[in-house]
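Student: Sending over run.cif (mmCIF, C-alpha atoms).
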data_coords
loop_
_atom_site.label_atom_id
_atom_site.label_comp_id
_atom_site.auth_asym_id
_atom_site.auth_seq_id
_atom_site.Cartn_x
_atom_site.Cartn_y
_atom_site.Cartn_z
CA MET A 1 -16.45 -2.76 34.15
CA THR A 2 -16.27 -1.02 30.80
CA PHE A 3 -13.71 1.43 32.15
CA GLU A 4 -11.46 -1.29 33.56
CA LYS A 5 -11.52 -3.22 30.30
CA ILE A 6 -10.84 -0.13 28.15
CA ALA A 7 -8.03 1.06 30.44
CA GLU A 8 -6.50 -2.40 30.21
CA LEU A 9 -6.73 -2.40 26.39
CA ILE A 10 -5.13 1.06 26.15
CA ALA A 11 -2.36 0.12 28.56
CA GLU A 12 -1.65 -3.06 26.63
CA SER A 13 -1.82 -1.46 23.22
CA LYS A 14 0.37 1.54 24.10
CA ASP A 15 2.64 -0.07 26.68
CA MET A 16 1.43 2.13 29.55
CA ASN A 17 0.82 1.61 33.27
CA VAL A 18 -2.90 0.93 33.73
CA ALA A 19 -2.84 2.77 37.09
CA ASP A 20 -2.05 6.02 35.23
CA ILE A 21 -5.32 5.86 33.30
CA THR A 22 -8.47 7.50 34.73
CA MET A 23 -11.85 8.46 33.25
CA GLU A 24 -10.53 12.01 32.85
CA THR A 25 -7.30 11.04 31.04
CA SER A 26 -7.37 12.47 27.51
CA PHE A 27 -5.79 10.99 24.37
CA GLU A 28 -3.52 14.03 24.40
CA ASP A 29 -2.39 13.30 28.00
CA MET A 30 -1.43 9.81 26.88
CA GLU A 31 0.29 11.23 23.78
CA LEU A 32 -1.93 9.17 21.49
CA ASP A 33 -1.98 10.48 17.93
CA SER A 34 -4.86 9.84 15.53
CA LEU A 35 -3.51 6.45 14.39
CA ASP A 36 -2.92 5.35 18.01
CA VAL A 37 -6.55 6.20 18.77
CA ILE A 38 -7.72 4.09 15.81
CA GLU A 39 -5.60 1.17 17.07
CA VAL A 40 -7.18 1.47 20.51
CA VAL A 41 -10.63 1.71 18.91
CA MET A 42 -9.96 -1.46 16.90
CA SER A 43 -8.93 -3.38 20.00
CA ILE A 44 -12.09 -2.17 21.80
CA GLU A 45 -14.23 -3.23 18.83
CA GLU A 46 -12.69 -6.68 18.91
CA ALA A 47 -13.01 -7.08 22.68
CA PHE A 48 -16.62 -5.86 22.89
CA GLY A 49 -17.83 -7.15 19.50
CA ILE A 50 -19.09 -3.71 18.44
CA THR A 51 -18.36 -1.09 15.76
CA LEU A 52 -17.44 2.42 16.92
CA GLU A 53 -17.85 5.67 14.99
CA ILE A 54 -15.32 8.03 16.53
CA GLU A 55 -16.24 11.72 16.36
CA ASP A 56 -13.85 14.58 17.15
CA SER A 57 -15.77 15.16 20.40
CA VAL A 58 -14.40 11.85 21.78
CA ARG A 59 -11.26 13.02 23.56
CA THR A 60 -10.98 11.18 26.87
CA VAL A 61 -11.13 7.65 28.25
CA GLY A 62 -14.46 8.63 29.85
CA ASP A 63 -15.83 9.63 26.40
CA LEU A 64 -14.86 6.20 25.08
CA VAL A 65 -16.47 4.41 28.03
CA GLU A 66 -19.69 6.38 27.52
CA LEU A 67 -19.73 5.57 23.79
CA VAL A 68 -19.17 1.85 24.38
CA ASP A 69 -21.83 1.73 27.12
CA SER A 70 -24.37 3.50 24.88
CA LEU A 71 -23.84 0.82 22.21
CA ALA A 72 -23.93 -2.05 24.68
CA GLN A 73 -27.40 -1.06 25.98
CA MET B 1 -1.23 -22.76 -9.58
CA SER B 2 0.04 -21.26 -12.77
CA PHE B 3 3.20 -19.18 -12.81
CA ARG B 4 6.56 -18.55 -11.20
CA ILE B 5 8.63 -15.34 -11.15
CA ILE B 6 11.69 -15.60 -13.40
CA GLY B 7 12.87 -11.97 -13.41
CA THR B 8 12.35 -8.68 -11.58
CA GLY B 9 13.28 -5.07 -12.35
CA ARG B 10 12.70 -1.57 -11.02
CA ALA B 11 13.21 2.10 -11.88
CA HIS B 12 12.65 5.36 -10.07
CA PRO B 13 13.24 9.06 -10.77
CA GLU B 14 16.59 10.65 -9.94
CA PHE B 15 15.36 13.45 -7.69
CA ILE B 16 15.20 12.60 -3.97
CA LEU B 17 12.82 14.71 -1.90
CA ASN B 18 13.55 14.61 1.83
CA ASN B 19 11.43 15.68 4.80
CA GLU B 20 13.44 18.86 5.43
CA MET B 21 12.70 20.04 1.90
CA LEU B 22 8.99 19.37 2.47
CA SER B 23 9.08 21.39 5.70
CA GLU B 24 10.01 24.39 3.56
CA ILE B 25 6.79 24.21 1.55
CA VAL B 26 4.26 22.95 4.13
CA ASP B 27 3.98 23.26 7.91
CA THR B 28 5.56 19.96 8.92
CA ASP B 29 8.84 18.56 10.22
CA ASN B 30 11.00 15.47 9.91
CA GLU B 31 9.95 14.00 13.26
CA TRP B 32 6.23 14.33 12.54
CA ILE B 33 6.56 12.59 9.18
CA VAL B 34 8.90 9.83 10.38
CA THR B 35 6.87 8.99 13.50
CA ARG B 36 3.53 8.82 11.73
CA THR B 37 4.54 7.31 8.41
CA GLY B 38 8.08 5.88 8.56
CA ILE B 39 9.05 7.92 5.45
CA ASN B 40 12.46 9.66 5.25
CA THR B 41 12.80 10.30 1.52
CA ARG B 42 10.89 9.61 -1.67
CA TYR B 43 11.71 9.81 -5.38
CA VAL B 44 9.82 12.49 -7.25
CA SER B 45 9.75 12.74 -11.02
CA THR B 46 11.08 16.00 -12.44
CA HIS B 47 11.70 15.06 -16.08
CA GLU B 48 11.12 11.31 -16.26
CA THR B 49 7.84 10.07 -17.74
CA ILE B 50 5.97 7.11 -16.33
CA THR B 51 6.55 5.39 -19.69
CA GLU B 52 10.34 5.77 -19.35
CA LEU B 53 10.32 4.33 -15.82
CA SER B 54 8.11 1.42 -16.88
CA VAL B 55 10.30 0.61 -19.89
CA LYS B 56 13.46 0.66 -17.73
CA ALA B 57 11.92 -1.62 -15.11
CA ALA B 58 10.66 -3.98 -17.83
CA GLN B 59 14.04 -4.12 -19.59
CA ARG B 60 15.82 -4.95 -16.34
CA ALA B 61 13.32 -7.71 -15.55
CA LEU B 62 13.72 -9.14 -19.08
CA GLU B 63 17.52 -9.08 -18.73
CA LYS B 64 17.38 -10.96 -15.44
CA ALA B 65 15.01 -13.51 -16.97
CA GLY B 66 17.34 -13.85 -19.97
CA LEU B 67 14.52 -12.99 -22.36
CA THR B 68 13.66 -10.32 -24.93
CA GLY B 69 10.39 -8.54 -25.60
CA LYS B 70 9.67 -11.01 -28.42
CA ASP B 71 9.38 -13.84 -25.85
CA LEU B 72 6.37 -12.24 -24.13
CA ASP B 73 2.78 -13.42 -24.68
CA LEU B 74 1.11 -10.63 -22.70
CA ILE B 75 1.91 -7.30 -21.00
CA LEU B 76 -0.20 -6.17 -18.02
CA CYS B 77 0.44 -2.69 -16.61
CA SER B 78 -1.06 -1.78 -13.28
CA THR B 79 -1.38 2.01 -13.14
CA MET B 80 -3.94 4.62 -12.17
CA LYS B 81 -2.86 6.75 -15.13
CA GLY B 82 -0.17 6.46 -17.76
CA ASP B 83 1.24 9.45 -19.61
CA TYR B 84 -1.68 9.18 -22.04
CA ALA B 85 -5.29 8.16 -21.61
CA CYS B 86 -4.73 6.63 -25.05
CA PRO B 87 -2.51 4.80 -25.97
CA SER B 88 -2.23 2.74 -22.82
CA LEU B 89 1.04 2.60 -20.86
CA ALA B 90 1.26 -1.12 -21.64
CA CYS B 91 1.19 -0.42 -25.41
CA LEU B 92 3.95 2.19 -25.10
CA VAL B 93 6.08 -0.27 -23.13
CA GLN B 94 5.38 -2.97 -25.75
CA LYS B 95 6.68 -0.65 -28.48
CA ASP B 96 9.85 0.33 -26.60
CA ILE B 97 10.87 -3.18 -25.53
CA GLY B 98 10.27 -4.64 -29.00
CA ALA B 99 7.44 -6.93 -28.00
CA ASP B 100 4.58 -7.89 -30.30
CA CYS B 101 2.09 -9.39 -27.84
CA PRO B 102 -1.22 -7.99 -26.53
CA ALA B 103 -0.77 -5.23 -23.94
CA VAL B 104 -3.28 -3.64 -21.57
CA ASP B 105 -3.47 -1.38 -18.50
CA LEU B 106 -5.55 -2.12 -15.46
CA ASN B 107 -6.41 0.07 -12.51
CA ALA B 108 -7.08 -1.23 -9.03
CA ALA B 109 -5.25 1.67 -7.33
CA CYS B 110 -2.69 0.51 -4.75
CA SER B 111 -3.84 -3.13 -5.03
CA GLY B 112 -3.24 -3.09 -8.79
CA PHE B 113 -0.14 -5.29 -8.76
CA LEU B 114 -2.08 -8.08 -7.01
CA TYR B 115 -4.96 -7.66 -9.48
CA ALA B 116 -2.47 -7.94 -12.36
CA LEU B 117 -0.95 -11.09 -10.85
CA ASP B 118 -4.44 -12.52 -10.54
CA GLN B 119 -5.12 -11.82 -14.24
CA ALA B 120 -1.77 -13.31 -15.20
CA ASP B 121 -2.74 -16.40 -13.20
CA ALA B 122 -5.95 -16.68 -15.24
CA TYR B 123 -4.13 -16.27 -18.58
CA VAL B 124 -1.31 -18.68 -17.77
CA GLY B 125 -3.57 -21.14 -15.97
CA SER B 126 -5.93 -21.32 -18.95
CA GLY B 127 -3.06 -21.82 -21.39
CA LYS B 128 -3.67 -18.53 -23.23
CA ALA B 129 -0.19 -17.25 -22.28
CA GLU B 130 3.07 -18.77 -21.05
CA THR B 131 5.23 -15.72 -20.44
CA VAL B 132 3.76 -12.51 -19.02
CA LEU B 133 5.29 -9.13 -18.13
CA VAL B 134 3.53 -7.47 -15.19
CA ILE B 135 4.40 -3.88 -14.34
CA GLY B 136 3.26 -1.72 -11.42
CA ALA B 137 3.95 1.92 -12.32
CA GLU B 138 2.67 5.07 -10.68
CA MET B 139 3.40 8.78 -10.58
CA MET B 140 1.46 9.71 -7.48
CA THR B 141 3.20 13.08 -7.22
CA ARG B 142 1.07 14.26 -10.18
CA TYR B 143 -2.09 14.01 -8.05
CA LEU B 144 -1.07 15.72 -4.82
CA ASP B 145 -2.24 18.89 -3.17
CA TRP B 146 1.14 20.36 -2.20
CA THR B 147 -0.56 22.63 0.36
CA ASP B 148 -2.01 19.66 2.29
CA ARG B 149 0.63 18.47 4.77
CA GLY B 150 -1.44 15.40 5.63
CA THR B 151 -1.09 13.89 2.15
CA CYS B 152 1.70 15.54 0.11
CA VAL B 153 4.40 14.01 2.35
CA LEU B 154 3.21 10.44 1.78
CA PHE B 155 3.92 9.61 -1.85
CA GLY B 156 6.69 8.92 -4.30
CA ASP B 157 7.06 7.77 -7.92
CA GLY B 158 8.41 4.54 -9.37
CA ALA B 159 7.91 1.43 -11.46
CA GLY B 160 8.54 -2.24 -10.72
CA ALA B 161 8.28 -5.19 -13.10
CA VAL B 162 8.20 -8.97 -12.95
CA ILE B 163 8.42 -11.61 -15.67
CA LEU B 164 6.14 -14.56 -15.02
CA ARG B 165 6.45 -17.91 -16.73
CA LYS B 166 4.31 -21.03 -16.57
CA GLY B 167 5.27 -22.86 -13.39
CA ASP B 168 4.24 -23.68 -9.84
CA GLY B 169 5.43 -20.62 -7.88
CA LEU B 170 2.03 -19.12 -7.13
CA LYS B 171 0.52 -21.01 -4.21
CA SER B 172 -2.62 -18.95 -3.53
CA ILE B 173 -4.08 -15.57 -4.43
CA LYS B 174 -7.19 -13.55 -3.60
CA ILE B 175 -8.48 -10.13 -4.58
CA THR B 176 -11.43 -8.16 -3.25
CA ALA B 177 -13.36 -4.98 -4.06
CA LYS B 178 -15.92 -2.93 -2.19
CA GLY B 179 -17.03 0.16 -4.10
CA ASP B 180 -16.58 3.40 -2.16
CA ASP B 181 -16.08 7.01 -3.28
CA GLN B 182 -15.39 8.57 0.12
CA LEU B 183 -12.30 7.08 1.78
CA LEU B 184 -9.65 7.35 -0.99
CA VAL B 185 -10.37 9.55 -4.00
CA ILE B 186 -8.59 11.20 -6.94
CA GLY B 187 -10.94 12.96 -9.37
CA ASN B 188 -10.37 12.83 -13.13
CA THR B 189 -10.17 16.04 -15.12
CA PHE B 190 -11.72 16.40 -18.58
CA CYS B 191 -12.02 18.95 -21.37
CA PRO B 192 -15.53 20.28 -20.81
CA SER B 193 -17.87 20.04 -23.80
CA PRO B 194 -20.08 23.08 -24.50
CA TYR B 195 -23.02 20.86 -23.47
CA GLY B 196 -21.46 19.21 -20.41
CA LYS B 197 -23.02 20.23 -17.11
CA GLN B 198 -21.31 17.65 -14.89
CA PRO B 199 -19.68 19.03 -11.75
CA GLU B 200 -15.89 19.24 -11.86
CA LEU B 201 -14.06 16.79 -9.62
CA ASP B 202 -11.18 17.63 -7.31
CA PRO B 203 -8.11 16.26 -9.15
CA HIS B 204 -6.06 15.90 -5.94
CA PHE B 205 -5.55 12.81 -3.83
CA ARG B 206 -7.88 12.96 -0.81
CA MET B 207 -8.33 10.43 1.95
CA LYS B 208 -9.95 9.94 5.32
CA GLY B 209 -6.79 8.82 7.09
CA GLY B 210 -8.23 7.23 10.22
CA GLU B 211 -10.81 5.16 8.36
CA VAL B 212 -8.28 4.13 5.72
CA PHE B 213 -5.91 2.99 8.48
CA LYS B 214 -8.64 0.84 9.97
CA PHE B 215 -9.58 -0.59 6.56
CA ALA B 216 -5.91 -1.30 5.79
CA VAL B 217 -5.10 -3.12 9.03
CA THR B 218 -8.35 -5.11 8.97
CA SER B 219 -7.96 -6.19 5.35
CA VAL B 220 -4.27 -7.12 5.68
CA LEU B 221 -5.06 -9.34 8.68
CA ARG B 222 -7.97 -11.02 6.89
CA ASP B 223 -6.29 -11.48 3.48
CA VAL B 224 -2.90 -12.66 4.74
CA LYS B 225 -4.50 -15.26 7.04
CA GLU B 226 -6.69 -16.50 4.17
CA VAL B 227 -3.97 -16.86 1.52
CA MET B 228 -1.57 -18.50 3.99
CA LYS B 229 -4.26 -20.98 4.99
CA ALA B 230 -5.11 -21.68 1.34
CA ALA B 231 -1.42 -22.24 0.55
CA GLY B 232 -0.89 -24.35 3.67
CA VAL B 233 2.01 -22.21 4.93
CA LYS B 234 2.71 -21.05 8.47
CA VAL B 235 4.38 -17.84 9.68
CA GLU B 236 7.68 -19.66 10.24
CA ASP B 237 7.65 -20.95 6.62
CA VAL B 238 7.54 -17.39 5.24
CA LYS B 239 10.83 -15.72 4.39
CA MET B 240 9.22 -12.31 3.97
CA LEU B 241 5.91 -10.53 4.17
CA ILE B 242 5.91 -7.76 1.54
CA PRO B 243 3.03 -5.39 2.27
CA HIS B 244 2.05 -2.51 0.02
CA GLN B 245 4.33 0.23 1.35
CA ALA B 246 1.70 2.74 2.46
CA ASN B 247 2.41 3.43 6.09
CA LEU B 248 4.85 1.88 8.54
CA ARG B 249 2.22 1.91 11.25
CA VAL B 250 -0.21 -0.16 9.17
CA PHE B 251 2.18 -3.03 8.73
CA GLN B 252 3.56 -2.84 12.25
CA ALA B 253 0.01 -3.24 13.59
CA ALA B 254 -0.64 -6.10 11.16
CA LYS B 255 2.72 -7.76 11.80
CA GLU B 256 2.17 -7.86 15.56
CA LYS B 257 -1.25 -9.46 15.21
CA LEU B 258 -0.08 -11.99 12.62
CA GLY B 259 3.02 -12.95 14.61
CA PHE B 260 5.75 -12.12 12.07
CA ARG B 261 9.24 -11.14 13.27
CA ASP B 262 10.80 -7.80 12.33
CA ASP B 263 13.27 -9.43 9.95
CA GLN B 264 10.36 -11.02 8.04
CA LEU B 265 8.85 -7.63 7.22
CA ALA B 266 9.94 -5.96 3.97
CA MET B 267 10.62 -2.28 4.58
CA GLY B 268 11.04 0.20 1.77
CA ILE B 269 8.68 2.97 2.75
CA ASP B 270 11.56 4.87 4.39
CA HIS B 271 13.15 5.58 0.99
CA TYR B 272 10.25 5.18 -1.47
CA GLY B 273 7.24 6.62 0.36
CA ASN B 274 3.94 5.26 -0.91
CA THR B 275 4.29 4.43 -4.62
CA SER B 276 0.82 2.86 -4.90
CA SER B 277 0.78 -0.26 -7.09
CA ALA B 278 4.51 0.08 -7.83
CA SER B 279 5.45 -0.48 -4.19
CA ILE B 280 5.42 -4.30 -4.09
CA PRO B 281 7.37 -4.95 -7.34
CA LEU B 282 9.87 -2.20 -6.35
CA MET B 283 10.47 -3.96 -3.03
CA LEU B 284 10.62 -7.39 -4.61
CA ASP B 285 13.37 -6.39 -7.03
CA GLU B 286 15.32 -4.55 -4.33
CA LEU B 287 15.20 -7.58 -1.99
CA MET B 288 16.24 -9.96 -4.79
CA GLU B 289 19.12 -7.68 -5.74
CA GLU B 290 20.31 -7.38 -2.13
CA GLY B 291 20.25 -11.17 -1.79
CA LYS B 292 17.61 -11.00 0.96
CA LEU B 293 15.36 -13.20 -1.16
CA GLU B 294 16.37 -16.12 -3.33
CA GLU B 295 14.93 -18.99 -5.29
CA GLY B 296 12.91 -21.34 -3.10
CA ASP B 297 11.91 -18.65 -0.56
CA ILE B 298 8.23 -18.29 0.27
CA ILE B 299 6.88 -14.74 0.24
CA VAL B 300 3.50 -13.26 1.10
CA LEU B 301 2.33 -10.13 -0.75
CA THR B 302 -0.54 -8.00 0.56
CA ALA B 303 -2.05 -4.75 -0.71
CA PHE B 304 -5.00 -2.45 -0.07
CA GLY B 305 -6.12 0.78 -1.64
CA GLY B 306 -8.67 2.97 -3.33
CA GLY B 307 -11.67 1.26 -4.80
CA LEU B 308 -11.73 0.03 -2.14
CA THR B 309 -9.65 -2.91 -3.30
CA THR B 310 -7.40 -5.44 -1.59
CA GLY B 311 -5.30 -8.40 -2.67
CA ALA B 312 -2.86 -10.93 -1.26
CA CYS B 313 -0.96 -13.97 -2.44
CA VAL B 314 1.62 -16.57 -1.46
CA ILE B 315 4.47 -17.23 -3.91
CA LYS B 316 7.41 -19.61 -3.81
CA LEU B 317 10.28 -17.91 -5.63
#
Just give me the structure of the file as structure tokens.
Tutor:
Amino acid sequence: MTFEKIAELIAESKDMNVADITMETSFEDMELDSLDVIEVVMSIEEAFGITLEIEDSVRTVGDLVELVDSLAQ
Amino acid sequence: MSFRIIGTGRAHPEFILNNEMLSEIVDTDNEWIVTRTGINTRYVSTHETITELSVKAAQRALEKAGLTGKDLDLILCSTMKGDYACPSLACLVQKDIGADCPAVDLNAACSGFLYALDQADAYVGSGKAETVLVIGAEMMTRYLDWTDRGTCVLFGDGAGAVILRKGDGLKSIKITAKGDDQLLVIGNTFCPSPYGKQPELDPHFRMKGGEVFKFAVTSVLRDVKEVMKAAGVKVEDVKMLIPHQANLRVFQAAKEKLGFRDDQLAMGIDHYGNTSSASIPLMLDELMEEGKLEEGDIIVLTAFGGGLTTGACVIKL
């Protein structure tokens, strides 16, 4: 569920095809620069009602999903 | 509310620094800078002082208002640092424009112009002043680390001025502060005393870009919604949204969420870069001069910066 929602938010925010986004897709693959990542993070925060601290180790969609799930528990 | 704007003026250094020139001194290129910031060129002071720029901007604003320095009741200068720690920039401007009113500097970093407008509102609203000169003047290029490609490409120098007179132009205004010494910092330098053991501060501009971006977008959304609600104006009533010109991406993100059209967004970052608290009055004068704004238009100003500070207001010109 978390993955589907995050993929949808990224696709919407960056005008991408949601089918191209998998757990393994990295920010680099999607050509997201640091400000793009922050925009995606802000839309996730709004959608899930949480606050995310993004470390450099967060590089893929899967990393984001894991982070959001760990906060939701 | 208390005042209306009766004159605007601006001044910037002669020297234009473009992205190609920057790519010769740091590892960067035009595309990187334009995509991430929206900046093509910026004015960088080579011989001009911040006092000279402020005086020029003030004189132009006085001319447009049809006034002289003697007509002013108060001068408020928003700046992080004038040419001198003492006397203040405002006092030096007062001397050069032939005014004889009280004059004072205030520092709220990039939100300084909004803070100065808020103070002017208090003075005029209380009846202590009728005619106020407000200047936003900054020489950010004095505080840059020219080996740091992440920050030295962002800033430019300039001064903008407005003359305010008792009236009903200001419809709503708000300012905020949340003390923080991590996200946006420029350290002061001092002459060490033989007894002083305080650690030296880094005199260069430093910021945590990602967190500042988040703070900027969040605060613009919050402040603009609040001042528009307080003023009872809707997006379609607004001729232009004039955000502090810090980063194209900040106001694009904010614009989309607030529902403004492209032609409602004031854009000067491409040729000014980030001029801190000078950015809004610079834009305002440029838009008035180009005929893109005229009397009766409703504008929304919004700023955010070190402090952390923010401010926004709605004004009918």
Student: Using all atoms listed in the file, which residues sit within 10 Å of Asp148 (chain B) once same-chain residues fewer than 3 positions away are excluded, as a ChimeraX atom specification?
Tutor: /B:25-27,144-145,151-153,204-206
Student: Taking all atoms listed in the file into account, find every residue of chain B that has an atom no more than 8 Å from chain A, and write it out as a list of chain:residue names.
Tutor: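 Going by the stated atoms only, the list reads B:Arg36, B:Gly210, B:Phe213, B:Lys214, B:Arg249, B:Ala253.
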Student: Which one is closest to Gly232 (chain B): B:Ile315, B:Val220, B:Leu164, B:Cys191? Count all atoms listed in the file.
Tutor: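 Of B:Ile315, B:Val220, B:Leu164, B:Cys191, the one nearest Gly232 (chain B) is B:Ile315, counting all atoms listed in the file.
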Student: On this structure, which residues satisfy the PyMOL selection byres ((chain A and resi 20) around 12), written as a list in words?
Tutor: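 Output from the PyMOL selection byres ((chain A and resi 20) around 12), applied to this file: Ala7, Glu8, Ile10, Ala11, Asp15, Met16, Asn17, Val18, Ala19, Ile21, Thr22, Met23, Glu24, Thr25, Ser26, Asp29, Met30 and Val61 of chain A.
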Student: Which residues would end up in the selection if the PyMOL selection byres ((chain B and resi 123) around 12) were applied here, given that I need the answer as a PyMOL selection string?
Tutor: chain B and resi 1-3+73-76+102+116-122+124-133+164-166
Student: Between CA of Asp223 (chain B) and CA of Glu236 (chain B), what is the distance, to one decimal in Å?
Tutor: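 Taking CA of Asp223 (chain B) as the start and CA of Glu236 (chain B) as the end point, the length is 17.5 Å.
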Student: Excluding His244 (chain B) and any residue of its chain fewer than 3 positions from it, enumerate the residues within 7 Å of it, using all atoms listed in the file, and give them as a PyMOL selection string.
Tutor: chain B and resi 279-280+302-303
Student: If you measure from CA of Asn19 (chain B) to CA of Gly150 (chain B), what distance in Å do you get, rounded to one decimal?
Tutor: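 Here the two named atoms are 12.9 Å from each other.
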Student: Have a look at B:Val44, B:Ile186, B:Thr35, B:Met21 and name the one nearest to Leu32 (chain A); count all atoms listed in the file.
Tutor: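 Between B:Val44, B:Ile186, B:Thr35, B:Met21, the residue approaching Leu32 (chain A) most closely is B:Thr35.
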Student: Interatomic distance between CA of Leu53 (chain B) and CA of Ala11 (chain B)?
Tutor: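 Answer for the CA of Leu53 (chain B) to CA of Ala11 (chain B) separation: 5.4 Å.
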Student: Extract, using only C-alpha atoms, all DNA, RNA and protein residues at most 8 Å from Leu89 (chain B), discarding same-chain residues fewer than 3 positions from it, and format them as a JSON list (two decimals) with C-alpha atoms, in the coordinates of the input.
Tutor:
[["chain", "number", "residue", "atom", "x", "y", "z"],
["B", 51, "THR", "CA", 6.55, 5.39, -19.69],
["B", 77, "CYS", "CA", 0.44, -2.69, -16.61],
["B", 82, "GLY", "CA", -0.17, 6.46, -17.76],
["B", 83, "ASP", "CA", 1.24, 9.45, -19.61],
["B", 84, "TYR", "CA", -1.68, 9.18, -22.04],
["B", 92, "LEU", "CA", 3.95, 2.19, -25.10],
["B", 93, "VAL", "CA", 6.08, -0.27, -23.13],
["B", 104, "VAL", "CA", -3.28, -3.64, -21.57],
["B", 105, "ASP", "CA", -3.47, -1.38, -18.50]]
Student: Write out as a ChimeraX atom specification the residues lying within 10 Å of Leu114 (chain B), counting all atoms listed in the file and excluding same-chain residues fewer than 5 positions away.
Tutor: /B:78,108,119-120,134,136,173-175,244,277,280-281,301-304,309-313
Student: Output as JSON the centre and edge lengths (Å, one decimal) of the box along x, y and z of the file that holds every listed atom of region 289-301 of chain B after adding 6 Å on each side.
Tutor:
{"center_x": 11.3, "center_y": -14.4, "center_z": -2.3, "size_x": 30.0, "size_y": 26.0, "size_z": 18.8}
Student: For the file shown, report as a list in words the outcome of the PyMOL selection byres ((chain B and resi 257-260) around 10) at residue level.
Tutor: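 Checked against the file, the PyMOL selection byres ((chain B and resi 257-260) around 10) matches Val217, Val220, Leu221, Arg222, Val224, Lys225, Val235, Glu236, Val238, Lys239, Met240, Leu241, Phe251, Gln252, Ala253, Ala254, Lys255, Glu256, Arg261, Asp262, Asp263, Gln264 and Leu265 of chain B.
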Student: Point out the residue among A:Lys14, A:Glu28, A:Ala47, A:Phe3 with the least atom-to-atom distance to Leu64 (chain A), counting all atoms listed in the file.
Tutor: A:Phe3
Student: Of the candidates B:Ser276, B:Ile6, B:Tyr115, B:Arg149, which shows the shortest atom-to-atom distance to Ser23 (chain B), using only C-alpha atoms?
Tutor: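 Of B:Ser276, B:Ile6, B:Tyr115, B:Arg149, the one nearest Ser23 (chain B) is B:Arg149, counting only C-alpha atoms.
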Student: Identify, on the basis of all atoms listed in the file, every residue whose closest approach to Met207 (chain B) does not exceed 7 Å; exclude the query and any residue fewer than 6 positions from it along the same chain; express the result as a ChimeraX atom specification.
Tutor: /B:183-185
Student: Keeping only C-alpha atoms, write the selected residues as a compact mmCIF listing (two decimals), in the coordinates of the input.
Tutor:
# COMPACT_ATOMS: atom_id res chain seq x y z
CA LEU B 183 -12.30 7.08 1.78
CA LEU B 184 -9.65 7.35 -0.99
CA VAL B 185 -10.37 9.55 -4.00
Student: Counting only C-alpha atoms, which residue out of A:Glu12, A:Asp69, A:Glu4, A:Asp63 sits closest to Val40 (chain A)?
Tutor: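 For Val40 (chain A), the nearest of the given residues is A:Glu12.
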Student: Can you work out which one of B:Met80, B:Ala103, B:Leu154, B:Cys86 has the shortest atom-to-atom distance to Gly187 (chain B), counting all atoms listed in the file?
Tutor: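 Among the listed residues, the smallest separation from Gly187 (chain B) belongs to B:Met80.
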Student: Save region 234-253 of chain B from what I just supplied, as an mmCIF file, in the first residue's frame, atoms limited to C-alpha atoms.
Tutor:
data_model
loop_
_atom_site.group_PDB
_atom_site.id
_atom_site.type_symbol
_atom_site.label_atom_id
_atom_site.label_comp_id
_atom_site.auth_asym_id
_atom_site.auth_seq_id
_atom_site.Cartn_x
_atom_site.Cartn_y
_atom_site.Cartn_z
ATOM 1 C CA LYS B 234 -8.694 35.653 -3.764
ATOM 2 C CA VAL B 235 -6.043 34.416 -6.220
ATOM 3 C CA GLU B 236 -7.931 35.954 -9.157
ATOM 4 C CA ASP B 237 -7.951 39.382 -7.425
ATOM 5 C CA VAL B 238 -4.146 39.437 -7.245
ATOM 6 C CA LYS B 239 -2.260 41.124 -10.076
ATOM 7 C CA MET B 240 1.083 39.750 -8.937
ATOM 8 C CA LEU B 241 2.680 37.577 -6.306
ATOM 9 C CA ILE B 242 6.156 38.974 -5.592
ATOM 10 C CA PRO B 243 8.142 36.375 -3.656
ATOM 11 C CA HIS B 244 11.599 36.983 -2.236
ATOM 12 C CA GLN B 245 13.762 36.060 -5.226
ATOM 13 C CA ALA B 246 15.743 33.205 -3.695
ATOM 14 C CA ASN B 247 15.204 30.249 -5.954
ATOM 15 C CA LEU B 248 12.950 29.718 -8.952
ATOM 16 C CA ARG B 249 12.066 26.255 -7.738
ATOM 17 C CA VAL B 250 10.783 27.548 -4.392
ATOM 18 C CA PHE B 251 8.231 29.836 -5.949
ATOM 19 C CA GLN B 252 7.267 27.413 -8.690
ATOM 20 C CA ALA B 253 6.420 24.830 -6.024
#
